[in-house]
file entry.pdb (PDB, C-alpha atoms)
ATOM      1  CA  MET A  22      11.456  14.223   0.618
ATOM      2  CA  ALA A  23      10.876  16.263   3.794
ATOM      3  CA  ASN A  24       7.094  16.139   3.309
ATOM      4  CA  SER A  25       6.879  12.529   2.097
ATOM      5  CA  ALA A  26       5.576   9.341   3.634
ATOM      6  CA  LEU A  27       6.071   5.715   2.633
ATOM      7  CA  LEU A  28       2.775   3.824   2.468
ATOM      8  CA  VAL A  29       2.982   0.061   3.046
ATOM      9  CA  MET A  30      -0.415  -1.181   1.917
ATOM     10  CA  ASP A  31      -2.223  -4.491   2.431
ATOM     11  CA  VAL A  32       0.935  -6.451   3.263
ATOM     12  CA  GLN A  33      -1.116  -8.676   5.518
ATOM     13  CA  ARG A  34      -0.429 -12.346   6.235
ATOM     14  CA  ASP A  35      -3.267 -13.784   4.135
ATOM     15  CA  VAL A  36      -2.555 -11.431   1.237
ATOM     16  CA  VAL A  37       1.149 -12.296   1.235
ATOM     17  CA  ALA A  38       0.271 -16.007   1.299
ATOM     18  CA  ILE A  39      -1.859 -15.545  -1.826
ATOM     19  CA  ALA A  40       0.427 -13.204  -3.798
ATOM     20  CA  ASP A  41       4.051 -13.878  -2.824
ATOM     21  CA  ASP A  42       5.781 -15.334  -5.866
ATOM     22  CA  GLY A  43       9.116 -16.156  -4.238
ATOM     23  CA  SER A  44      10.871 -13.258  -5.987
ATOM     24  CA  GLY A  45      12.174 -11.696  -2.778
ATOM     25  CA  TYR A  46       9.323  -9.211  -2.415
ATOM     26  CA  LEU A  47       9.327  -8.992   1.381
ATOM     27  CA  PRO A  48      13.116  -8.409   1.699
ATOM     28  CA  ARG A  49      12.910  -5.635  -0.966
ATOM     29  CA  LEU A  50      10.015  -4.034   0.856
ATOM     30  CA  ARG A  51      11.912  -4.329   4.157
ATOM     31  CA  ARG A  52      14.857  -2.462   2.539
ATOM     32  CA  ALA A  53      12.510   0.325   1.442
ATOM     33  CA  ILE A  54      11.032   0.570   4.944
ATOM     34  CA  ASP A  55      14.454   0.611   6.602
ATOM     35  CA  GLY A  56      15.701   3.200   4.099
ATOM     36  CA  ALA A  57      12.693   5.436   4.728
ATOM     37  CA  ARG A  58      13.266   5.289   8.464
ATOM     38  CA  ALA A  59      16.977   6.052   8.035
ATOM     39  CA  ALA A  60      16.087   9.080   5.908
ATOM     40  CA  GLY A  61      13.492  10.323   8.416
ATOM     41  CA  ILE A  62      10.555   9.533   6.133
ATOM     42  CA  PRO A  63       7.480   8.391   8.074
ATOM     43  CA  VAL A  64       6.281   4.855   7.393
ATOM     44  CA  ILE A  65       2.520   4.490   7.393
ATOM     45  CA  TYR A  66       0.934   1.061   7.213
ATOM     46  CA  VAL A  67      -2.478   0.629   5.623
ATOM     47  CA  VAL A  68      -4.495  -2.519   6.246
ATOM     48  CA  MET A  69      -7.863  -3.726   5.050
ATOM     49  CA  GLY A  70     -10.086  -4.492   8.016
ATOM     50  CA  LEU A  71     -13.728  -5.461   8.085
ATOM     51  CA  ARG A  72     -15.792  -5.648  11.232
ATOM     52  CA  PRO A  73     -17.023  -9.086  12.277
ATOM     53  CA  GLY A  74     -20.277  -9.697  10.459
ATOM     54  CA  ASP A  75     -19.118  -7.402   7.618
ATOM     55  CA  PRO A  76     -21.698  -4.615   8.091
ATOM     56  CA  GLU A  77     -19.811  -2.398   5.628
ATOM     57  CA  VAL A  78     -19.960  -4.938   2.773
ATOM     58  CA  SER A  79     -22.732  -4.490   0.239
ATOM     59  CA  PRO A  80     -23.794  -7.527  -1.793
ATOM     60  CA  ARG A  81     -23.544  -5.225  -4.846
ATOM     61  CA  ASN A  82     -19.783  -4.884  -4.335
ATOM     62  CA  ARG A  83     -18.274  -7.958  -6.022
ATOM     63  CA  VAL A  84     -14.729  -7.329  -4.846
ATOM     64  CA  MET A  85     -15.657  -6.990  -1.187
ATOM     65  CA  THR A  86     -18.183  -9.835  -1.312
ATOM     66  CA  ASN A  87     -15.572 -12.161  -2.841
ATOM     67  CA  ALA A  88     -13.032 -11.169  -0.177
ATOM     68  CA  VAL A  89     -15.525 -11.989   2.563
ATOM     69  CA  ARG A  90     -16.379 -15.330   0.938
ATOM     70  CA  ALA A  91     -12.648 -16.111   0.851
ATOM     71  CA  GLY A  92     -12.460 -15.396   4.585
ATOM     72  CA  LEU A  93     -10.200 -12.376   4.154
ATOM     73  CA  PHE A  94      -9.825  -9.161   6.150
ATOM     74  CA  THR A  95     -11.888  -9.774   9.296
ATOM     75  CA  GLU A  96     -10.494  -7.508  12.002
ATOM     76  CA  GLY A  97      -8.722  -9.479  14.689
ATOM     77  CA  ALA A  98      -8.189 -12.582  12.545
ATOM     78  CA  PRO A  99      -4.551 -13.741  12.409
ATOM     79  CA  GLY A 100      -4.408 -13.505   8.616
ATOM     80  CA  THR A 101      -5.320  -9.821   8.746
ATOM     81  CA  GLU A 102      -2.162  -8.964  10.716
ATOM     82  CA  ILE A 103       0.683  -7.153   8.962
ATOM     83  CA  HIS A 104       3.272  -9.707   7.860
ATOM     84  CA  HIS A 105       5.923 -10.114  10.561
ATOM     85  CA  ASP A 106       8.799  -9.588   8.069
ATOM     86  CA  VAL A 107       7.732  -5.961   7.603
ATOM     87  CA  ALA A 108       5.930  -5.312  10.894
ATOM     88  CA  PRO A 109       5.491  -1.771  12.194
ATOM     89  CA  GLN A 110       7.784  -0.341  14.826
ATOM     90  CA  GLN A 111       6.846   1.950  17.656
ATOM     91  CA  GLY A 112       5.913   5.322  16.202
ATOM     92  CA  ASP A 113       4.655   3.946  12.880
ATOM     93  CA  VAL A 114       1.038   4.721  12.132
ATOM     94  CA  VAL A 115      -1.335   1.911  11.137
ATOM     95  CA  VAL A 116      -4.460   2.993   9.262
ATOM     96  CA  THR A 117      -7.426   0.682   8.683
ATOM     97  CA  LYS A 118      -9.372   1.083   5.453
ATOM     98  CA  ARG A 119     -12.681  -0.452   4.427
ATOM     99  CA  ARG A 120     -12.296  -0.492   0.625
ATOM    100  CA  GLY A 121      -9.675  -0.664  -2.127
ATOM    101  CA  SER A 122      -8.087   2.764  -1.792
ATOM    102  CA  ALA A 123      -6.023   3.534   1.285
ATOM    103  CA  PHE A 124      -8.209   6.636   1.663
ATOM    104  CA  SER A 125     -11.591   4.845   1.509
ATOM    105  CA  GLY A 126     -13.205   4.493   4.887
ATOM    106  CA  SER A 127      -9.993   5.437   6.698
ATOM    107  CA  ASP A 128      -8.496   8.459   8.417
ATOM    108  CA  LEU A 129      -5.390   8.432   6.178
ATOM    109  CA  ASP A 130      -6.056  11.907   4.757
ATOM    110  CA  LEU A 131      -6.337  13.306   8.290
ATOM    111  CA  VAL A 132      -3.065  11.615   9.353
ATOM    112  CA  LEU A 133      -1.239  12.955   6.292
ATOM    113  CA  ARG A 134      -2.535  16.502   6.647
ATOM    114  CA  ALA A 135      -1.754  16.572  10.381
ATOM    115  CA  ARG A 136       1.856  15.750   9.476
ATOM    116  CA  ASP A 137       1.918  18.209   6.545
ATOM    117  CA  ILE A 138       2.685  15.358   4.133
ATOM    118  CA  ASP A 139       2.143  16.267   0.500
ATOM    119  CA  SER A 140       3.998  13.464  -1.288
ATOM    120  CA  LEU A 141       3.440   9.712  -1.089
ATOM    121  CA  VAL A 142       5.647   6.751  -1.907
ATOM    122  CA  LEU A 143       3.411   3.787  -2.701
ATOM    123  CA  THR A 144       4.131   0.102  -2.044
ATOM    124  CA  GLY A 145       1.868  -2.867  -1.485
ATOM    125  CA  ILE A 146      -0.147  -5.832  -2.613
ATOM    126  CA  ALA A 147      -1.844  -5.781  -5.085
ATOM    127  CA  THR A 148      -0.631  -3.428  -7.771
ATOM    128  CA  SER A 149      -3.994  -3.737  -9.537
ATOM    129  CA  ALA A 150      -5.983  -3.127  -6.357
ATOM    130  CA  VAL A 151      -4.759  -1.008  -3.433
ATOM    131  CA  VAL A 152      -1.858   0.587  -5.316
ATOM    132  CA  LEU A 153      -3.953   1.533  -8.351
ATOM    133  CA  SER A 154      -6.928   2.710  -6.256
ATOM    134  CA  THR A 155      -4.752   4.737  -3.902
ATOM    135  CA  LEU A 156      -2.780   6.293  -6.746
ATOM    136  CA  TRP A 157      -5.929   7.574  -8.436
ATOM    137  CA  HIS A 158      -7.395   8.809  -5.163
ATOM    138  CA  ALA A 159      -4.134  10.571  -4.251
ATOM    139  CA  ILE A 160      -4.018  12.280  -7.648
ATOM    140  CA  ASP A 161      -7.445  13.787  -6.963
ATOM    141  CA  LEU A 162      -6.147  15.000  -3.587
ATOM    142  CA  ASP A 163      -3.095  16.663  -5.232
ATOM    143  CA  PHE A 164      -0.397  14.516  -3.631
ATOM    144  CA  GLY A 165       2.962  14.113  -5.316
ATOM    145  CA  LEU A 166       3.465  10.434  -6.085
ATOM    146  CA  THR A 167       6.230   7.880  -6.385
ATOM    147  CA  VAL A 168       5.590   4.185  -6.935
ATOM    148  CA  LEU A 169       8.270   1.690  -5.966
ATOM    149  CA  ALA A 170       7.598  -0.788  -8.768
ATOM    150  CA  ASP A 171       9.450  -3.719  -7.219
ATOM    151  CA  ALA A 172       7.903  -3.048  -3.801
ATOM    152  CA  CYS A 173       4.487  -3.638  -5.340
ATOM    153  CA  LEU A 174       3.219  -7.114  -6.139
ATOM    154  CA  ASP A 175       0.273  -8.541  -8.017
ATOM    155  CA  THR A 176      -1.050 -12.053  -8.553
ATOM    156  CA  ASP A 177      -0.927 -11.305 -12.290
ATOM    157  CA  PRO A 178       2.627 -10.345 -13.337
ATOM    158  CA  GLU A 179       1.446  -9.068 -16.724
ATOM    159  CA  VAL A 180      -0.996  -6.656 -15.100
ATOM    160  CA  HIS A 181       1.724  -5.495 -12.689
ATOM    161  CA  THR A 182       4.082  -4.821 -15.595
ATOM    162  CA  MET A 183       1.442  -2.993 -17.632
ATOM    163  CA  LEU A 184       0.534  -0.768 -14.694
ATOM    164  CA  THR A 185       4.079   0.032 -13.563
ATOM    165  CA  GLU A 186       5.528   0.482 -17.052
ATOM    166  CA  LYS A 187       2.668   2.024 -19.033
ATOM    167  CA  LEU A 188      -0.062   3.505 -16.837
ATOM    168  CA  PHE A 189       1.522   4.697 -13.582
ATOM    169  CA  PRO A 190       4.342   6.705 -15.246
ATOM    170  CA  GLN A 191       1.682   9.043 -16.644
ATOM    171  CA  TRP A 192       0.930  10.273 -13.109
ATOM    172  CA  ALA A 193       3.807   9.275 -10.837
ATOM    173  CA  ASP A 194       7.520   8.708 -10.701
ATOM    174  CA  VAL A 195       7.979   4.949 -10.977
ATOM    175  CA  VAL A 196      11.318   3.673  -9.696
ATOM    176  CA  ALA A 197      12.962   0.589  -8.253
ATOM    177  CA  VAL A 198      13.613   0.347  -4.516
ATOM    178  CA  GLU A 199      17.403   0.559  -4.943
ATOM    179  CA  ASP A 200      17.168   3.717  -7.074
ATOM    180  CA  TRP A 201      14.824   5.331  -4.560
ATOM    181  CA  LEU A 202      17.147   4.431  -1.687
ATOM    182  CA  LYS A 203      20.038   6.139  -3.478
ATOM    183  CA  ALA A 204      17.897   9.246  -4.005
ATOM    184  CA  ILE A 205      16.888   9.523  -0.332
ATOM    185  CA  ALA A 206      20.183   8.507   1.249
ATOM    186  CA  PRO A 207      21.506  11.115   3.683
ATOM    187  CA  GLN A 208      24.299  13.092   2.057
TER     188      GLN A 208
END
call {"tool": "encode", "arguments": {"input": "entry.pdb", "output": "structure tokens"}}
result
Amino acid sequence: MANSALLVMDVQRDVVAIADDGSGYLPRLRRAIDGARAAGIPVIYVVMGLRPGDPEVSPRNRVMTNAVRAGLFTEGAPGTEIHHDVAPQQGDVVVTKRRGSAFSGSDLDLVLRARDIDSLVLTGIATSAVVLSTLWHAIDLDFGLTVLADACLDTDPEVHTMLTEKLFPQWADVVAVEDWLKAIAPQ
């Protein structure tokens, strides 16, 4: 795990308000973050941020257009902030992206390469959006991948289950937070 980073993606106030199902998602994610820090694994936050006026949003992009119509992701808006239960600490990197994948419109690849990171541990909301998009992008960039299934959340539990149990295991190690914490615990 020496060249790994934990990505905490789109865990922003408005997104949590839409997706949180009361299953204890934020405390599980907090345990993963704390465990990563204890093991010396960098924690990198990825947020969706759109400039006021949305100059980067094409009317041909349904996903982005719908997000703008819903009032989501405007930089500087309170709902775009990372949820306070899992907020970054000094030294954590926060990357702003402009599309679904953590790599799209961001400097994430530059941050990872500067730190010689070659393996990613993925968490975030939504499993069917940022996690899926980032996983596929990271595969093309030759990163090793782990998905913390219970540190990902989706508004559709069936889609989450299908992705984490059937699709993601084809390309990544898919584990629960507690199992991952045991694997990275200092010996």
call {"tool": "closest_atom_pairs", "arguments": {"input": "entry.pdb", "of": "segment 93-152 of chain A", "to": "segment 39-52 of chain A", "cutoff": "8 Å", "atoms": "only C-alpha atoms", "output": "tab-separated table"}}
result
residue	atom	partner	partner_atom	distance
A:Asp106	CA	A:Leu47	CA	6.7
A:Val107	CA	A:Arg51	CA	5.7
A:Thr144	CA	A:Leu50	CA	7.8
A:Ile146	CA	A:Ala40	CA	7.5
A:Ala147	CA	A:Ala40	CA	7.9
call {"tool": "write_last_selection", "arguments": {"input": "entry.pdb", "atoms": "C-alpha atoms", "output": "PDB file, in the coordinates of the input"}}
result
ATOM      1  CA  ASP A 106       8.799  -9.588   8.069  1.00  0.00           C
ATOM      2  CA  VAL A 107       7.732  -5.961   7.603  1.00  0.00           C
ATOM      3  CA  THR A 144       4.131   0.102  -2.044  1.00  0.00           C
ATOM      4  CA  ILE A 146      -0.147  -5.832  -2.613  1.00  0.00           C
ATOM      5  CA  ALA A 147      -1.844  -5.781  -5.085  1.00  0.00           C
TER       6      ALA A 147
END
call {"tool": "closest_residue", "arguments": {"input": "entry.pdb", "among": "A:Val132, A:Arg119, A:Leu162, A:Thr185", "to": "Ser149 of chain A", "atoms": "all atoms listed in the file"}}
result
A:Thr185
call {"tool": "residues_near_point", "arguments": {"input": "entry.pdb", "point": "(4.3, 5.2, 13.2)", "cutoff": "9 Å", "atoms": "all atoms listed in the file", "output": "MDAnalysis selection string"}}
result
chainID A and resid 63:66 109:115
call {"tool": "residues_near_point", "arguments": {"input": "entry.pdb", "point": "(-16.0, -6.1, 2.6)", "cutoff": "12 Å", "atoms": "all atoms listed in the file", "output": "PyMOL selection string"}}
result
chain A and resi 69-96+118-121+125-126
call {"tool": "residues_around", "arguments": {"input": "entry.pdb", "residues": "Gln191 of chain A", "least_positions_apart": "5", "cutoff": "12 Å", "atoms": "all atoms listed in the file", "output": "PyMOL selection string"}}
result
chain A and resi 156-157+160+166-168+184-186
call {"tool": "atom_distance", "arguments": {"input": "entry.pdb", "atom1": "atom CA of Ile138 of chain A", "atom2": "atom CA of Asn24 of chain A"}}
result
4.6 Å
call {"tool": "atom_distance", "arguments": {"input": "entry.pdb", "atom1": "atom CA of Val67 of chain A", "atom2": "atom CA of Ala123 of chain A"}}
result
6.3 Å
call {"tool": "atom_distance", "arguments": {"input": "entry.pdb", "atom1": "atom CA of His104 of chain A", "atom2": "atom CA of Gln33 of chain A"}}
result
5.1 Å
call {"tool": "closest_residue", "arguments": {"input": "entry.pdb", "among": "A:Ile54, A:Ala150, A:Arg136, A:Ala98", "to": "Asp31 of chain A", "atoms": "only C-alpha atoms"}}
result
A:Ala150
call {"tool": "resolve_selection", "arguments": {"input": "entry.pdb", "expression": "the PyMOL selection byres ((chain A and resi 194) around 12)", "output": "ChimeraX atom specification"}}
result
/A:140-143,156,165-170,185-193,195-197,200-201
call {"tool": "closest_residue", "arguments": {"input": "entry.pdb", "among": "A:Asp139, A:Glu199, A:Asp35, A:Asp128", "to": "Asp163 of chain A", "atoms": "only C-alpha atoms"}}
result
A:Asp139
call {"tool": "closest_residue", "arguments": {"input": "entry.pdb", "among": "A:Val152, A:Leu129, A:Ala206, A:Val36", "to": "Ala172 of chain A", "atoms": "all atoms listed in the file"}}
result
A:Val152
call {"tool": "closest_residue", "arguments": {"input": "entry.pdb", "among": "A:Asp161, A:Asp177, A:Glu102, A:Asp137", "to": "Met30 of chain A", "atoms": "only C-alpha atoms"}}
result
A:Glu102
call {"tool": "axis_aligned_box", "arguments": {"input": "entry.pdb", "around": "segment 52-58 of chain A", "padding_each_side": "3 Å", "output": "AutoDock Vina command-line options"}}
result
--center_x 13.4 --center_y 1.5 --center_z 5.0 --size_x 10.7 --size_y 13.9 --size_z 13.0
call {"tool": "build_atoms", "arguments": {"input": "entry.pdb", "residues": "segment 62-76 of chain A", "atoms": "N, CA, C and O atoms", "output": "JSON list (two decimals), in the coordinates of the input"}}
result
[["chain", "number", "residue", "atom", "x", "y", "z"],
["A", 62, "ILE", "N", 11.84, 9.54, 6.83],
["A", 62, "ILE", "CA", 10.56, 9.53, 6.13],
["A", 62, "ILE", "C", 9.59, 8.65, 6.93],
["A", 62, "ILE", "O", 9.89, 7.49, 7.19],
["A", 63, "PRO", "N", 8.44, 9.20, 7.33],
["A", 63, "PRO", "CA", 7.48, 8.39, 8.07],
["A", 63, "PRO", "C", 7.01, 7.17, 7.28],
["A", 63, "PRO", "O", 6.81, 7.26, 6.06],
["A", 64, "VAL", "N", 6.83, 6.07, 7.98],
["A", 64, "VAL", "CA", 6.28, 4.86, 7.39],
["A", 64, "VAL", "C", 4.87, 4.69, 7.93],
["A", 64, "VAL", "O", 4.67, 4.67, 9.15],
["A", 65, "ILE", "N", 3.92, 4.63, 7.02],
["A", 65, "ILE", "CA", 2.52, 4.49, 7.39],
["A", 65, "ILE", "C", 2.00, 3.20, 6.79],
["A", 65, "ILE", "O", 2.09, 2.99, 5.58],
["A", 66, "TYR", "N", 1.49, 2.33, 7.65],
["A", 66, "TYR", "CA", 0.93, 1.06, 7.21],
["A", 66, "TYR", "C", -0.56, 1.23, 6.99],
["A", 66, "TYR", "O", -1.24, 1.90, 7.77],
["A", 67, "VAL", "N", -1.05, 0.61, 5.92],
["A", 67, "VAL", "CA", -2.48, 0.63, 5.62],
["A", 67, "VAL", "C", -2.93, -0.82, 5.52],
["A", 67, "VAL", "O", -2.32, -1.61, 4.79],
["A", 68, "VAL", "N", -3.96, -1.16, 6.28],
["A", 68, "VAL", "CA", -4.50, -2.52, 6.25],
["A", 68, "VAL", "C", -5.98, -2.48, 5.93],
["A", 68, "VAL", "O", -6.68, -1.53, 6.26],
["A", 69, "MET", "N", -6.43, -3.54, 5.27],
["A", 69, "MET", "CA", -7.86, -3.73, 5.05],
["A", 69, "MET", "C", -8.41, -4.42, 6.28],
["A", 69, "MET", "O", -7.85, -5.43, 6.73],
["A", 70, "GLY", "N", -9.47, -3.88, 6.85],
["A", 70, "GLY", "CA", -10.09, -4.49, 8.02],
["A", 70, "GLY", "C", -11.59, -4.35, 7.96],
["A", 70, "GLY", "O", -12.10, -3.25, 7.78],
["A", 71, "LEU", "N", -12.27, -5.46, 8.09],
["A", 71, "LEU", "CA", -13.73, -5.46, 8.09],
["A", 71, "LEU", "C", -14.22, -5.94, 9.45],
["A", 71, "LEU", "O", -13.68, -6.87, 10.02],
["A", 72, "ARG", "N", -15.23, -5.27, 9.94],
["A", 72, "ARG", "CA", -15.79, -5.65, 11.23],
["A", 72, "ARG", "C", -16.39, -7.06, 11.17],
["A", 72, "ARG", "O", -16.90, -7.46, 10.11],
["A", 73, "PRO", "N", -16.35, -7.79, 12.26],
["A", 73, "PRO", "CA", -17.02, -9.09, 12.28],
["A", 73, "PRO", "C", -18.48, -8.93, 11.86],
["A", 73, "PRO", "O", -19.17, -8.00, 12.28],
["A", 74, "GLY", "N", -18.93, -9.80, 11.00],
["A", 74, "GLY", "CA", -20.28, -9.70, 10.46],
["A", 74, "GLY", "C", -20.34, -8.86, 9.19],
["A", 74, "GLY", "O", -21.37, -8.80, 8.54],
["A", 75, "ASP", "N", -19.27, -8.16, 8.87],
["A", 75, "ASP", "CA", -19.12, -7.40, 7.62],
["A", 75, "ASP", "C", -20.24, -6.40, 7.34],
["A", 75, "ASP", "O", -20.79, -6.36, 6.24],
["A", 76, "PRO", "N", -20.59, -5.54, 8.32],
["A", 76, "PRO", "CA", -21.70, -4.62, 8.09],
["A", 76, "PRO", "C", -21.42, -3.59, 6.99],
["A", 76, "PRO", "O", -22.35, -3.00, 6.45]]
